[in-house]
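Colleague: Mind having a look at this structure? Questions to follow.
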Amino acid sequence: MDFKLTPQQEERRKEFYKVCGELYAKKPECFVGGEGKLNDDESWEYHRYCAREFGKRGWLTFGWPAEYGGQGDMMDKVLFSEAVGYYGLPGVDEFGVAMLAPTLLAAASEEVKREFLPGIASGDVMWCELWSEPNAGSDLAALTTTAIKKGDEFIVNGQKTWNTAAHRADWAFGVYRSDPQAPKHKNLTFMLCDMKTPGITVKGFPYMNGLHIYNEVYLDDVHIPANQIVGKEGEGWAVVNVLAGFERSNMGLVYGLLSGVEQLVKYCNETKRNGKPLSQDPIIRNRIADLAIGLEAVRTLAMHIADMQSRHEMGLMDAAAVKVFSSELMEKMAQISTDLLGVHGQVKHSRFAKMGGTWEESYQSCFVPIISMGTNEIQRNIIAWYGLGLPRMK
Ligand SMILES: Cc1cc2nc3c(=O)[nH]c(=O)nc-3n(C[C@H](O)[C@H](O)[C@H](O)COP(=O)(O)OP(=O)(O)OC[C@H]3O[C@@H](n4cnc5c(N)ncnc54)[C@H](O)[C@@H]3O)c2cc1C
C-alpha cells in the first residue's frame, strides 16, 4: 500500500480540517467532548447541528455505493475521521454511521436499506444499541429478551442494560430471542425499533464522572413491525457479528489523541519543574515518544482497515486487534497525561486545571472502550482462536 497522499487527497484533507475548525469555533462551553454530547441538551443540539453540516456535504456516506447516496472512498473516510477527531467534534453518530449503515449495506433487504439509510446519510436520525442484558454481556447469545411473532409484528418483552445514548436516540437496533425452543445462536433476530414505540421505558444511571450517558431499557409488550428485521428471522447472530466488526474497528475516538499529544508536547515545553522544562526530563520524553509511536501505528492500522473494508475482507481478528490496540492506547494516554500533570491532573472545574481540565475527563472515561464493544479479554480470545488457530479453552 502506498501511504503517500495524492494531491486530491491533500486537498480533501485541508477541506475537512477547515470545516471541522469552523464547527469547533461554535462549540458550546458545556460540551466536554466524546460521549459528553449525550449529557445535556445543548451538547446534544451541537451534535445534531454538526451531523447535519456533515450530512449536507455528503461526508457521512464515504465508501457507500453511489446508488444509496454514497460518495468518496474509504480513504476519504479515514481523512475525515482524523479531522473530526483532531478537533474532538461530535456529529458522527457512531451507532448509525459507523456501525449500522455498513451492516445494512451488507445484510439488509432492499426495502430496509431504502427506508433507513437516508436518515443516517443526512445526519437527521440518531441510533442506539440494545444488545447487552444484566446476565448477557460477553456471552451475548445467552440473552433472554423475547420477540415473539404475531401476525406481521414481533412482540418484545425483557430488559437491556448499559445502553449508551438510549435517552437521546430516535431509533435502536437490537437483538432478541425470537424462538425460545431453538438452540443458542440459532434463535436470535436482529430488529430496528423506533424509540418512541409504546412500552419502551428508558432509565438513566450516572457514570462515575457524573454524566448521563448510559441507560437501562425496559421493553414491555413492544410491537415491532416484521418488516423492520435485518437479515432473516432466527439468523440475527450472523448480523450481530457483522455489526460487531464495524463497531470494534471504528477508530473515531482514538483520533482525539492526535491533538492530545500536541497539547502534551506544548505543555512539557512550557512548564518547568525544579527549574527545568519538563521536556528535558528523559523519562517524560520517553513516555511521550512512546505515545507518538502508538499514534503512528494507529494511523497505519486505520488505513489498513479502510483498505480491507473496501475489499470486504475485514476478518474477526482484524477488528479485535484494532479494538485492543486503540482502547489500550487511549488508556495509556490518559494515565501518562494525568501522571505528568500531577495534582493538576485531578481537577477540571478549577483555576488549577490545566489544558481546560480535559485530562481529568479522559482519565475517568478511558476504561469505557476497554470494556464496551466486548471486553479486551474476549478480543484476545478471538485473536487466539480465529486469528492464530490456538486451541479453544474448555
Ligand atoms: C461504558 C459501557 C458502555 C456500553 N454500551 C453498550 C451499549 O450501548 N449497548 C449495549 O448493548 N451494550 C453496551 N455495553 C455493554 C458491554 O458490551 C458489556 O459490558 C461487555 O460486553 C461485557 O459484558 P458484562 O459487562 O456482562 O461483563 P461479563 O461478561 O460479566 O464479564 C466480566 C469479566 O469476565 C471476563 N470474561 C467473561 N467471559 C470470559 C471468557 N470467556 N474468557 C475470558 N474472560 C471472560 C470479562 O472479560 C470481564 O472482565 C457497554 C458497557 C460499558 C461498560
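A note on labels: chains of the C-alpha cells are A, B, ... as shown, every chain counts residues from 1, and ligands are counted from 1 in their shown order.
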Show me, as a compact mmCIF listing (two decimals) with N, CA and C atoms, in the first residue's frame, the residues that have an atom within 9 Å of Val112 (chain A) when counting only C-alpha atoms, minus same-chain residues fewer than 5 positions from it.

Modeller:
# COMPACT_ATOMS: atom_id res chain seq x y z
N LEU A 104 -26.26 -2.57 7.33
CA LEU A 104 -27.43 -2.61 6.45
C LEU A 104 -26.98 -2.87 5.01
N LEU A 117 -31.33 4.07 5.37
CA LEU A 117 -30.04 4.71 5.06
C LEU A 117 -30.14 6.24 4.89
N ASN A 227 -41.43 -6.11 9.15
CA ASN A 227 -40.57 -5.66 8.04
C ASN A 227 -39.39 -4.81 8.54
N GLN A 228 -39.21 -4.73 9.86
CA GLN A 228 -38.05 -4.00 10.39
C GLN A 228 -36.94 -4.94 10.87
N ILE A 229 -36.96 -6.20 10.39
CA ILE A 229 -35.84 -7.06 10.77
C ILE A 229 -34.72 -6.92 9.74
N VAL A 230 -33.50 -7.16 10.22
CA VAL A 230 -32.33 -7.12 9.32
C VAL A 230 -31.83 -8.55 9.19

Colleague: From a DSSP pass on the backbone, collect the residues of region 78-237 of chain A flagged as helix (DSSP H, G or I) and hand them back as a PyMOL selection string.

Modeller: chain A and resi 78-86+94-107+110-122+140-142+226-228+236-237

Colleague: Smallest atom-to-atom distance to Trp171 (chain A): which of A:Phe205, A:Phe246, A:Trp359, A:Phe95, using only C-alpha atoms?

Modeller: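 Closest residue, counting only C-alpha atoms: A:Phe95.
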
Colleague: As a VMD selection string, please: every protein or nucleic acid residue near ligand 1 (cut-off 9 Å, counting only C-alpha atoms and all ligand atoms).

Modeller: chain A and resid 95 128 to 140 160 to 166 174 to 175 207 213 to 215 365 367 to 381 393

Colleague: Between A:Cys20, A:Ile148, A:Met251, A:Ile288, which is the closest to Ile224 (chain A) once you count only C-alpha atoms?

Modeller: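 Between A:Cys20, A:Ile148, A:Met251, A:Ile288, the residue approaching Ile224 (chain A) most closely is A:Ile148.
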
Colleague: I'd like the neighbourhood of Asn187 (chain A) as a PyMOL selection string, where a residue qualifies if any of its atoms comes within 8 Å (using only C-alpha atoms), though same-chain residues fewer than 3 positions away should be ignored.

Modeller: chain A and resi 177-184+234-236

Colleague: Hey, which of A:Ala297, A:Ala226, A:Val261, A:Ile120 ends up closest to Gly151 (chain A)? Count only C-alpha atoms.

Modeller: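 Counting only C-alpha atoms, the residue closest to Gly151 (chain A) is A:Ala226.
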
Colleague: Suppose you want the space between CA of Cys268 (chain A) and CA of Val347 (chain A); what is it in Å?

Modeller: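 Separating CA of Cys268 (chain A) from CA of Val347 (chain A) is a distance of 18.4 Å.
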
Colleague: Counting only C-alpha atoms, which of A:Met308, A:Ile336, A:Leu243, A:Met355 gets nearest to Asp290 (chain A)?

Modeller: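 Closest to Asp290 (chain A), using only C-alpha atoms: A:Ile336.
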
Colleague: Rank A:Glu233, A:Glu82, A:Asp76, A:Asp220 by their smallest atom-to-atom distance to Lys186 (chain A), using only C-alpha atoms, and report the top residue only.

Modeller: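 Ranked by minimum distance to Lys186 (chain A), first place goes to A:Glu233.
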
Colleague: Determine, counting only C-alpha atoms, which protein, DNA and RNA residues have an atom within 12 Å of an atom of Glu42 (chain A); residues of the same chain fewer than 6 positions away are not included. Present the result as a PDB file with N, CA, C and O atoms, in the first residue's frame.

Modeller:
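Listed below is the output, around.pdb:
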ATOM      1  N   LYS A  26     -17.724  26.912  17.103  1.00  0.00           N
ATOM      2  CA  LYS A  26     -19.103  27.085  17.590  1.00  0.00           C
ATOM      3  C   LYS A  26     -19.413  26.167  18.778  1.00  0.00           C
ATOM      4  O   LYS A  26     -20.558  26.052  19.201  1.00  0.00           O
ATOM      5  N   LYS A  27     -18.406  25.488  19.287  1.00  0.00           N
ATOM      6  CA  LYS A  27     -18.603  24.511  20.365  1.00  0.00           C
ATOM      7  C   LYS A  27     -19.146  25.184  21.629  1.00  0.00           C
ATOM      8  O   LYS A  27     -18.559  26.165  22.080  1.00  0.00           O
ATOM      9  N   PRO A  28     -20.249  24.673  22.212  1.00  0.00           N
ATOM     10  CA  PRO A  28     -20.720  25.267  23.465  1.00  0.00           C
ATOM     11  C   PRO A  28     -19.773  24.927  24.617  1.00  0.00           C
ATOM     12  O   PRO A  28     -19.139  23.866  24.593  1.00  0.00           O
ATOM     13  N   GLU A  29     -19.695  25.808  25.589  1.00  0.00           N
ATOM     14  CA  GLU A  29     -18.744  25.607  26.684  1.00  0.00           C
ATOM     15  C   GLU A  29     -19.020  24.327  27.473  1.00  0.00           C
ATOM     16  O   GLU A  29     -18.103  23.676  27.960  1.00  0.00           O
ATOM     17  N   CYS A  30     -20.320  23.964  27.557  1.00  0.00           N
ATOM     18  CA  CYS A  30     -20.667  22.801  28.393  1.00  0.00           C
ATOM     19  C   CYS A  30     -20.237  21.473  27.766  1.00  0.00           C
ATOM     20  O   CYS A  30     -20.170  20.458  28.450  1.00  0.00           O
ATOM     21  N   PHE A  31     -19.921  21.442  26.473  1.00  0.00           N
ATOM     22  CA  PHE A  31     -19.577  20.176  25.825  1.00  0.00           C
ATOM     23  C   PHE A  31     -18.174  19.739  26.237  1.00  0.00           C
ATOM     24  O   PHE A  31     -17.192  20.409  25.936  1.00  0.00           O
ATOM     25  N   VAL A  32     -18.110  18.577  26.950  1.00  0.00           N
ATOM     26  CA  VAL A  32     -16.814  18.135  27.484  1.00  0.00           C
ATOM     27  C   VAL A  32     -16.093  17.185  26.525  1.00  0.00           C
ATOM     28  O   VAL A  32     -15.027  16.669  26.827  1.00  0.00           O
ATOM     29  N   GLY A  36     -19.771  12.952  26.101  1.00  0.00           N
ATOM     30  CA  GLY A  36     -20.390  14.073  26.804  1.00  0.00           C
ATOM     31  C   GLY A  36     -21.490  14.722  25.966  1.00  0.00           C
ATOM     32  O   GLY A  36     -22.340  15.434  26.492  1.00  0.00           O
ATOM     33  N   ARG A  48     -26.181  17.301  16.924  1.00  0.00           N
ATOM     34  CA  ARG A  48     -27.118  17.216  15.783  1.00  0.00           C
ATOM     35  C   ARG A  48     -26.758  18.249  14.710  1.00  0.00           C
ATOM     36  O   ARG A  48     -26.839  17.967  13.518  1.00  0.00           O
ATOM     37  N   TYR A  49     -26.365  19.447  15.160  1.00  0.00           N
ATOM     38  CA  TYR A  49     -26.003  20.509  14.209  1.00  0.00           C
ATOM     39  C   TYR A  49     -24.795  20.069  13.368  1.00  0.00           C
ATOM     40  O   TYR A  49     -24.796  20.171  12.129  1.00  0.00           O
TER      41      TYR A  49
END

Colleague: Quick one: pull the distance between CA of Gly72 (chain A) and CA of His304 (chain A), Å, one decimal.

Modeller: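 Result for CA of Gly72 (chain A) versus CA of His304 (chain A): 17.1 Å, one decimal.
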
Colleague: Could you go through region 156-369 of chain A and tell me which residues DSSP, when run on the backbone, assigns to strand (DSSP E or B), listing them as a ChimeraX atom specification?

Modeller: /A:156-160,171-177,188-194,200-205,214-225,229-230,235,272-273,276-277
